[in-house]
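Have a look at entry-v8.pdb below; it lists PDB, C-alpha atoms, pLDDT in the B column.
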```pdb
ATOM      1  CA  MET A  29     180.085 158.427  44.112  1.00 45.00           C
ATOM      2  CA  LYS A  30     181.319 158.494  47.691  1.00 47.00           C
ATOM      3  CA  ASP A  31     183.824 161.239  46.870  1.00 49.00           C
ATOM      4  CA  ARG A  32     181.113 163.423  45.315  1.00 49.00           C
ATOM      5  CA  LEU A  33     178.473 163.010  48.031  1.00 48.00           C
ATOM      6  CA  PRO A  34     179.805 165.873  50.199  1.00 45.00           C
ATOM      7  CA  LEU A  35     179.414 168.191  47.187  1.00 45.00           C
ATOM      8  CA  VAL A  36     175.749 167.208  46.827  1.00 51.00           C
ATOM      9  CA  VAL A  37     174.762 166.872  50.487  1.00 53.00           C
ATOM     10  CA  PRO A  38     175.051 169.964  52.713  1.00 58.00           C
ATOM     11  CA  ALA A  39     176.556 167.879  55.472  1.00 63.00           C
ATOM     12  CA  ARG A  40     179.718 166.287  56.719  1.00 70.00           C
ATOM     13  CA  LYS A  41     180.524 162.707  55.775  1.00 63.00           C
ATOM     14  CA  ALA A  42     180.966 160.857  59.026  1.00 73.00           C
ATOM     15  CA  GLN A  43     181.838 157.373  57.805  1.00 83.00           C
ATOM     16  CA  ASN A  44     182.083 155.028  54.853  1.00 87.00           C
ATOM     17  CA  SER A  45     181.483 151.305  55.391  1.00 91.00           C
ATOM     18  CA  ASP A  46     182.566 148.954  52.618  1.00 94.00           C
ATOM     19  CA  HIS A  47     180.358 145.904  53.122  1.00 96.00           C
ATOM     20  CA  ALA A  48     181.938 144.039  50.186  1.00 95.00           C
ATOM     21  CA  GLU A  49     185.386 144.419  51.743  1.00 96.00           C
ATOM     22  CA  ALA A  50     184.080 143.140  55.079  1.00 96.00           C
ATOM     23  CA  ALA A  51     182.563 140.152  53.268  1.00 97.00           C
ATOM     24  CA  ARG A  52     185.898 139.416  51.539  1.00 97.00           C
ATOM     25  CA  ASN A  53     187.665 139.603  54.898  1.00 97.00           C
ATOM     26  CA  ALA A  54     185.206 136.987  56.179  1.00 98.00           C
ATOM     27  CA  GLY A  55     185.867 134.739  53.173  1.00 98.00           C
ATOM     28  CA  LEU A  56     182.549 135.585  51.487  1.00 98.00           C
ATOM     29  CA  ALA A  57     181.705 137.141  48.120  1.00 96.00           C
ATOM     30  CA  MET A  58     179.511 140.206  47.769  1.00 96.00           C
ATOM     31  CA  PRO A  59     179.063 142.721  44.942  1.00 95.00           C
ATOM     32  CA  PRO A  60     180.419 146.230  45.602  1.00 95.00           C
ATOM     33  CA  THR A  61     178.234 147.621  48.394  1.00 95.00           C
ATOM     34  CA  GLN A  62     178.988 150.715  50.450  1.00 94.00           C
ATOM     35  CA  MET A  63     177.144 152.534  53.203  1.00 93.00           C
ATOM     36  CA  LEU A  64     177.826 156.266  53.297  1.00 89.00           C
ATOM     37  CA  VAL A  65     176.994 157.972  56.580  1.00 89.00           C
ATOM     38  CA  TYR A  66     176.624 161.741  56.752  1.00 85.00           C
ATOM     39  CA  GLY A  67     175.219 164.283  59.131  1.00 85.00           C
ATOM     40  CA  ASN A  68     174.751 167.934  59.953  1.00 85.00           C
ATOM     41  CA  ALA A  69     174.647 168.804  63.658  1.00 86.00           C
ATOM     42  CA  LYS A  70     172.854 172.118  63.053  1.00 86.00           C
ATOM     43  CA  ARG A  71     169.981 170.267  61.376  1.00 85.00           C
ATOM     44  CA  GLY A  72     170.022 166.977  63.264  1.00 87.00           C
ATOM     45  CA  THR A  73     170.324 168.246  66.841  1.00 91.00           C
ATOM     46  CA  PRO A  74     166.972 170.096  66.843  1.00 89.00           C
ATOM     47  CA  LEU A  75     165.298 166.924  65.544  1.00 88.00           C
ATOM     48  CA  MET A  76     166.842 164.839  68.321  1.00 90.00           C
ATOM     49  CA  LEU A  77     165.728 167.405  70.886  1.00 90.00           C
ATOM     50  CA  ALA A  78     162.175 167.335  69.514  1.00 88.00           C
ATOM     51  CA  ALA A  79     162.046 163.515  69.305  1.00 89.00           C
ATOM     52  CA  PRO A  80     164.988 161.775  71.040  1.00 92.00           C
ATOM     53  CA  GLY A  81     164.260 158.475  69.277  1.00 91.00           C
ATOM     54  CA  VAL A  82     165.215 160.033  65.944  1.00 91.00           C
ATOM     55  CA  ALA A  83     168.834 159.624  67.102  1.00 92.00           C
ATOM     56  CA  LEU A  84     168.480 155.964  66.063  1.00 91.00           C
ATOM     57  CA  ASP A  85     168.241 157.155  62.434  1.00 90.00           C
ATOM     58  CA  LEU A  86     170.842 159.913  62.549  1.00 90.00           C
ATOM     59  CA  PRO A  87     173.273 160.503  61.062  1.00 89.00           C
ATOM     60  CA  LEU A  88     171.618 159.728  57.740  1.00 87.00           C
ATOM     61  CA  ARG A  89     172.791 156.795  55.618  1.00 90.00           C
ATOM     62  CA  VAL A  90     172.948 156.140  51.891  1.00 90.00           C
ATOM     63  CA  LEU A  91     173.444 152.612  50.554  1.00 93.00           C
ATOM     64  CA  VAL A  92     175.217 152.382  47.174  1.00 93.00           C
ATOM     65  CA  ARG A  93     175.411 148.939  45.585  1.00 95.00           C
ATOM     66  CA  ASP A  94     176.249 147.263  42.303  1.00 94.00           C
ATOM     67  CA  ASP A  95     173.601 144.834  41.044  1.00 92.00           C
ATOM     68  CA  CYS A  96     176.143 142.841  38.957  1.00 91.00           C
ATOM     69  CA  GLN A  97     174.077 143.540  35.838  1.00 93.00           C
ATOM     70  CA  GLY A  98     175.567 146.916  34.984  1.00 92.00           C
ATOM     71  CA  GLY A  99     173.403 148.928  37.357  1.00 93.00           C
ATOM     72  CA  THR A 100     174.135 150.886  40.498  1.00 93.00           C
ATOM     73  CA  TRP A 101     171.417 151.313  43.109  1.00 93.00           C
ATOM     74  CA  VAL A 102     171.234 154.124  45.653  1.00 92.00           C
ATOM     75  CA  SER A 103     168.892 153.610  48.611  1.00 92.00           C
ATOM     76  CA  PHE A 104     168.022 155.960  51.465  1.00 89.00           C
ATOM     77  CA  HIS A 105     165.215 157.056  53.745  1.00 86.00           C
ATOM     78  CA  THR A 106     163.627 160.367  52.784  1.00 84.00           C
ATOM     79  CA  ALA A 107     162.888 163.200  55.200  1.00 79.00           C
ATOM     80  CA  ALA A 108     159.189 162.281  54.974  1.00 82.00           C
ATOM     81  CA  GLU A 109     159.983 158.713  56.057  1.00 85.00           C
ATOM     82  CA  LEU A 110     162.030 160.054  58.964  1.00 83.00           C
ATOM     83  CA  GLU A 111     159.113 162.245  60.042  1.00 83.00           C
ATOM     84  CA  SER A 112     156.601 159.407  59.797  1.00 83.00           C
ATOM     85  CA  ALA A 113     158.821 157.072  61.857  1.00 85.00           C
ATOM     86  CA  HIS A 114     159.185 159.564  64.715  1.00 85.00           C
ATOM     87  CA  PRO A 115     156.857 162.065  66.409  1.00 82.00           C
ATOM     88  CA  LEU A 116     158.098 165.037  64.386  1.00 79.00           C
ATOM     89  CA  PRO A 117     155.863 167.792  63.008  1.00 72.00           C
ATOM     90  CA  ALA A 118     155.400 167.592  59.232  1.00 74.00           C
ATOM     91  CA  GLY A 119     158.180 169.421  57.425  1.00 75.00           C
ATOM     92  CA  ARG A 120     160.477 169.478  60.455  1.00 72.00           C
ATOM     93  CA  ALA A 121     163.013 167.038  58.950  1.00 73.00           C
ATOM     94  CA  ALA A 122     162.945 168.603  55.485  1.00 71.00           C
ATOM     95  CA  GLY A 123     166.210 170.468  55.991  1.00 63.00           C
ATOM     96  CA  CYS A 124     167.891 167.367  57.328  1.00 65.00           C
ATOM     97  CA  GLY A 125     167.078 165.140  54.386  1.00 53.00           C
ATOM     98  CA  ALA A 126     166.873 167.733  51.629  1.00 39.00           C
ATOM     99  CA  ALA A 127     169.477 165.984  49.479  1.00 41.00           C
ATOM    100  CA  ALA A 128     167.762 162.642  49.945  1.00 37.00           C
ATOM    101  CA  ASP A 129     164.450 164.060  48.754  1.00 35.00           C
ATOM    102  CA  SER A 130     165.839 165.650  45.617  1.00 34.00           C
TER     103      SER A 130
END
```
Could I get this structure in the form of C-alpha cells?
Amino acid sequence: MKDRLPLVVPARKAQNSDHAEAARNAGLAMPPTQMLVYGNAKRGTPLMLAAPGVALDLPLRVLVRDDCQGGTWVSFHTAAELESAHPLPAGRAAGCGAAADS
C-alpha cells in the first residue's frame, strides 16, 4: 500500500511512520499500523495562505492498519472535513484532498 500511494495521490510522500515498529521498540505489541504523510506544495501553500491554521493539518495523513481479523482499514480526513475545520471557502481544498475524496 505505502509503495503504491504516490501513484494514486498527485503528491509527494513526505514520511512514513510505522507505529507498530515504535511499539515493538518500546516493548509493546501492536498490529501493523502505519501513518503515511504526503503533500503537494502547489496545492497546500494557497490553503495555508488563505487560512494559516490549516498548516496544523498539512501535509495530509493516511492511517493504514490491520484489524487482526483479516481486514485492512484506511482512515483519512477528506477535503470537505479540512474545509469545515478551517475558514476556507467551500471547494477550496478539493484539489488538495482529491485522492482522499475518491
Applying the PyMOL selection byres ((chain A and resi 72) around 9) to the file I just gave you, which residues come out? Please list them as a compact mmCIF listing (two decimals) with C-alpha atoms, in the coordinates of the input.
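Dumped everything to selection_13.txt:
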```txt
# COMPACT_ATOMS: atom_id res chain seq x y z
CA GLY A 67 175.22 164.28 59.13
CA ASN A 68 174.75 167.93 59.95
CA ALA A 69 174.65 168.80 63.66
CA LYS A 70 172.85 172.12 63.05
CA ARG A 71 169.98 170.27 61.38
CA THR A 73 170.32 168.25 66.84
CA PRO A 74 166.97 170.10 66.84
CA LEU A 75 165.30 166.92 65.54
CA MET A 76 166.84 164.84 68.32
CA LEU A 77 165.73 167.40 70.89
CA VAL A 82 165.22 160.03 65.94
CA ALA A 83 168.83 159.62 67.10
CA LEU A 86 170.84 159.91 62.55
CA PRO A 87 173.27 160.50 61.06
CA ALA A 121 163.01 167.04 58.95
CA GLY A 123 166.21 170.47 55.99
CA CYS A 124 167.89 167.37 57.33
```
Margin query: With the PyMOL selection byres ((chain A and resi 48-63) around 7) as the selection, what would be picked from this file? Answer as a ChimeraX atom specification, please.
Written below: /A:44-47,64-65,89-94,96
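Atom to atom, CA of Thr106 in chain A and CA of Arg40 in chain A stand 17.6 Å apart.
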Output as AutoDock Vina command-line options the centre and edge lengths (Å, one decimal) of the box along x, y and z of the file that holds every listed atom of range 97-103 of chain A after adding 5 Å on each side.
```
--center_x 172.2 --center_y 148.8 --center_z 41.8 --size_x 16.7 --size_y 20.6 --size_z 23.6
```
Notebook entry, point to check: When distances are computed from only C-alpha atoms, which of A:Gly81, A:Gln43, A:Tyr66, A:Gln97 shows the smallest separation from His114 in chain A?
Noted result: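 Counting only C-alpha atoms, the residue closest to His114 in chain A is A:Gly81.
CA of Trp101 in chain A is positioned 22.9 Å from CA of Ala122 in chain A.
Atom pair CA of Ala113 in chain A / CA of Asp95 in chain A: separated by 28.3 Å.
With distances restricted to only C-alpha atoms, A:Leu88 is the closest residue to Ala42 in chain A from A:Ala107, A:Leu88, A:Val102, A:Leu116.
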